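Undergrad: After the structure tokens below, expect a handful of questions from me.
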Amino acid sequence: MATGRPPESSATRARFLSDERVRDGIFAAAIAVVAALTIRFLSASPLDYLHYSVLRDLTGIDFGQWPDVFYTSGDGDGEVFAVLAVDPFGSGPSQMIPSVVYRYLRIGMSWLAFVLSFGQEGLVLPALFTIGLSAVAAVGFLSGFWRQRFGLRSSALVLNPALYIGFVGDTAEPLGVLLLALALTGSGYWAAVALGVTRPTFGTALFGRWRLLLVLAATAITVHLAAVWIFGGSIFDAASGTFALPTIAYFNQPSVVGFLVLASGGSTLLLGGIRRDPAWIVSGILVVVLGEAVAANPLNAVRAAGMLPVLWALTPMPSSSRPSEGSIR
């Protein structure tokens with residue numbers, strides 16, 4: 001006998017979509033995705049395919065024929081993630097990557113691309129594209145969903161430049177921003193572990209949440225030692241040239257972007273001192289002392305500073321009580 005009631009799945013879906021937070025999240029996610037795709041399409045060039053042709057000649061990897069938008073701009077990092085996604089355990093072509101121990105510290109995204117591509121080298125580029133865009137969408141959704149909880153500060157998540165620069169270049173920042181946001185808001189230790197293999201320097205935002213930080217550090221150290229065992233070299237190779245004396249790199253090759261990065265790091269450090277918040281202090285110091293990332297390519301410094309907008313968005317105001325270990329209530 002018909003009851004006139006909608007199916008349970010339809011009722012559940014209707015309740016889900018009636019939640020204002022969900023609608024805000026979907027709206028913010030749509031804006032983030034459109035912005036990310038627009039920037040990537042505008043950055044795409046037929047010449048970018050040539051970089052992957054060179055990689056094919058050097059490594060024997062055939063990434064396949066795809067539309068221009070699937071190829072990164074040729075700065076190097078995107079190609080590295082692609083090679084590591086084909087050879088995620090360092091037994092073949094990844095042995096040829098310069099500074100491979102340092103690069104391997106962000107292996108998490110390449111492992112995920114390896115899984116999504118079913119180990120097929122011709123599917124790696126769409127897999128990296130999908131991971132990046134999905135992370136952008138998820139961060140956008142959280143930005144809108146958390147608006148009632150954190151106020152307008154939550155918009156810093158979706159306005160984070162590292163989110164879009166990382167997506168354009170097929171690098172780990174979008175996934176790292178997502179995992180950091182989840183770790184800061186109490187998603188459990190799994191987010192800290194995943195961040196530790198994906199973008200461990202973003203872990204400075206976990207200072208003060210000591211158990212989460214310990215889990216992340218243990219994960220990152222394990223991956224680092226594994227990289228040294230696989231590829232050889234020194235455990236200190238990853239730090240070489242990355243940092244400099246405070247502010248020197250910003251003046252070696254001055255740029256507007258570089259000074260904006262310096263201002264963001266300096267202000268975070270200053271406010272962290274006022275707030276007595278170790279996460280803000282340590283994250284600010286890390287950005288202020290960036291070295292080659294600023295002098296060689298200021299956009300790399302923007303990527304490296306990607307944890308700052310997450311802190312700005314999700315850290316309670318000084319009047320709030322300090323959050324419990326591993327979560328923000």
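A note on labels: chains of the structure tokens are A, B, ... as shown, every chain counts residues from 1, and ligands are counted from 1 in their shown order.
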Leaving out Leu142 of chain A and any residue of its chain fewer than 6 positions from it, which residues lie within 9 Å of it when counting only C-alpha atoms, given as a ChimeraX atom specification?
TA: /A:25-26,28-29,154,157-158,178,181
Undergrad: Could you save the residues just selected, with N, CA and C atoms, as a PDB file, in the first residue's frame?
TA:
```
ATOM      1  N   GLY A  25      28.721  25.351   1.218  1.00  0.00           N
ATOM      2  CA  GLY A  25      29.888  24.572   0.823  1.00  0.00           C
ATOM      3  C   GLY A  25      29.904  24.275  -0.659  1.00  0.00           C
ATOM      4  N   ILE A  26      28.748  23.877  -1.193  1.00  0.00           N
ATOM      5  CA  ILE A  26      28.664  23.575  -2.618  1.00  0.00           C
ATOM      6  C   ILE A  26      28.940  24.827  -3.451  1.00  0.00           C
ATOM      7  N   ALA A  28      30.761  27.482  -2.573  1.00  0.00           N
ATOM      8  CA  ALA A  28      32.189  27.813  -2.493  1.00  0.00           C
ATOM      9  C   ALA A  28      33.026  26.833  -3.295  1.00  0.00           C
ATOM     10  N   ALA A  29      32.644  25.561  -3.273  1.00  0.00           N
ATOM     11  CA  ALA A  29      33.378  24.562  -4.052  1.00  0.00           C
ATOM     12  C   ALA A  29      33.273  24.855  -5.543  1.00  0.00           C
ATOM     13  N   SER A 154      36.984  31.775   7.360  1.00  0.00           N
ATOM     14  CA  SER A 154      37.049  30.514   6.623  1.00  0.00           C
ATOM     15  C   SER A 154      37.310  30.730   5.135  1.00  0.00           C
ATOM     16  N   LEU A 157      40.661  29.862   3.359  1.00  0.00           N
ATOM     17  CA  LEU A 157      40.943  28.544   2.787  1.00  0.00           C
ATOM     18  C   LEU A 157      40.855  28.569   1.270  1.00  0.00           C
ATOM     19  N   VAL A 158      39.753  29.109   0.759  1.00  0.00           N
ATOM     20  CA  VAL A 158      39.519  29.069  -0.681  1.00  0.00           C
ATOM     21  C   VAL A 158      40.280  30.170  -1.416  1.00  0.00           C
ATOM     22  N   LEU A 178      44.193  20.558   2.087  1.00  0.00           N
ATOM     23  CA  LEU A 178      43.014  19.800   2.522  1.00  0.00           C
ATOM     24  C   LEU A 178      43.329  18.957   3.752  1.00  0.00           C
ATOM     25  N   ALA A 181      43.809  21.124   6.869  1.00  0.00           N
ATOM     26  CA  ALA A 181      42.522  21.606   7.383  1.00  0.00           C
ATOM     27  C   ALA A 181      41.802  20.513   8.154  1.00  0.00           C
TER      28      ALA A 181
END
```
Undergrad: Leaving out Asp170 of chain A and any residue of its chain fewer than 6 positions from it, which residues lie within 9 Å of it when counting only C-alpha atoms, given as JSON, numbers by chain?
TA: {"A": [71, 72, 77, 78, 79, 81, 82, 125, 128, 129, 131, 132]}
Undergrad: Pull C-alpha atoms from the residues just selected and write them as a PDB file, in the first residue's frame.
TA:
```
ATOM      1  CA  TYR A  71      50.329  19.025 -19.111  1.00  0.00           C
ATOM      2  CA  THR A  72      51.957  21.306 -16.559  1.00  0.00           C
ATOM      3  CA  ASP A  77      57.928  19.836 -10.110  1.00  0.00           C
ATOM      4  CA  GLY A  78      54.866  18.566 -11.960  1.00  0.00           C
ATOM      5  CA  GLU A  79      57.021  16.332 -14.134  1.00  0.00           C
ATOM      6  CA  PHE A  81      55.367  14.027  -9.455  1.00  0.00           C
ATOM      7  CA  ALA A  82      54.412  12.334 -12.739  1.00  0.00           C
ATOM      8  CA  LEU A 125      48.437  12.792 -15.962  1.00  0.00           C
ATOM      9  CA  LEU A 128      47.195  13.931 -11.048  1.00  0.00           C
ATOM     10  CA  PHE A 129      44.699  16.367 -12.576  1.00  0.00           C
ATOM     11  CA  ILE A 131      43.557  14.580  -7.442  1.00  0.00           C
ATOM     12  CA  GLY A 132      44.363  18.280  -7.647  1.00  0.00           C
TER      13      GLY A 132
END
```
Undergrad: Please return as a PyMOL selection string: the residues of segment 84-315 of chain A that backbone DSSP assigns to alpha helix (DSSP H).
TA: chain A and resi 84-86+100-104+107-116+124-145+147-150+155-158+161-169+173-184+189-198+210-231+248-252+256-275+278-288+292-295+298-304+307-314
Undergrad: Need the shell around segment 266-283 of chain A: protein/DNA/RNA residues with any atom at most 9 Å away, counting only C-alpha atoms. Skip same-chain ones fewer than 3 positions apart. Format as an MDAnalysis selection string?
TA: chainID A and resid 201:209 261:263 286:288 305 307:308 311:312 318
Undergrad: Residues near Leu290 of chain A, anyone? I mean within 9 Å using only C-alpha atoms, not counting same-chain ones fewer than 2 positions away, as a list of chain:residue names.
TA: A:Gly241, A:Thr242, A:Phe243, A:Ala244, A:Leu245, A:Pro246, A:Thr247, A:Ile248, A:Ala249, A:Tyr250, A:Ile285, A:Leu286, A:Val287, A:Val288, A:Glu292, A:Ala293, A:Val294, A:Ala295, A:Ala301, A:Ala304
Undergrad: Could you name the residues that touch segment 64-67 of chain A at 10 Å or less, counting only C-alpha atoms, but leaving out those on the same chain fewer than 5 positions away, as a list in words?
TA: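 Selected residues are Ala44, Ser45, Pro46, Tyr49, Tyr52, Ser53, Arg56, Glu121, Gly122, Leu123, Val124, Leu125 and Pro126 of chain A.
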Undergrad: If we count only C-alpha atoms, what is near Pro200 of chain A at a cut-off of 8 Å, once residues fewer than 3 positions away on the same chain are taken out, given as a VMD selection string?
TA: chain A and resid 105 to 106 195 to 197 203 216 to 217 220
Undergrad: Atom CA of Ala137 of chain A to atom CA of Leu175 of chain A: how many Å, to one decimal?
TA: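 Pair atom CA of Ala137 of chain A / atom CA of Leu175 of chain A returns 10.4 Å.
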Undergrad: Could you check which of A:Leu213, A:Val80, A:Val168, A:Leu42 is closest to Leu133 of chain A, using only C-alpha atoms?
TA: A:Val168
Undergrad: For Phe150 of chain A, which residue among A:Thr185, A:Ser91, A:Thr59, A:Thr198 is the nearest when counting only C-alpha atoms?
TA: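 Comparing A:Thr185, A:Ser91, A:Thr59, A:Thr198 against Phe150 of chain A, the winner is A:Thr185.
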Undergrad: Which one of A:Val302, A:Trp210, A:Ile61, A:Val310 sits closest to Pro161 of chain A if you count only C-alpha atoms?
TA: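 Of A:Val302, A:Trp210, A:Ile61, A:Val310, the one nearest Pro161 of chain A is A:Val302, counting only C-alpha atoms.
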Undergrad: Between atom CA of Leu163 of chain A and atom CA of Gly306 of chain A, what is the distance in Å, rounded to a tenth?
TA: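 Taking atom CA of Leu163 of chain A and atom CA of Gly306 of chain A, their separation equals 7.5 Å.
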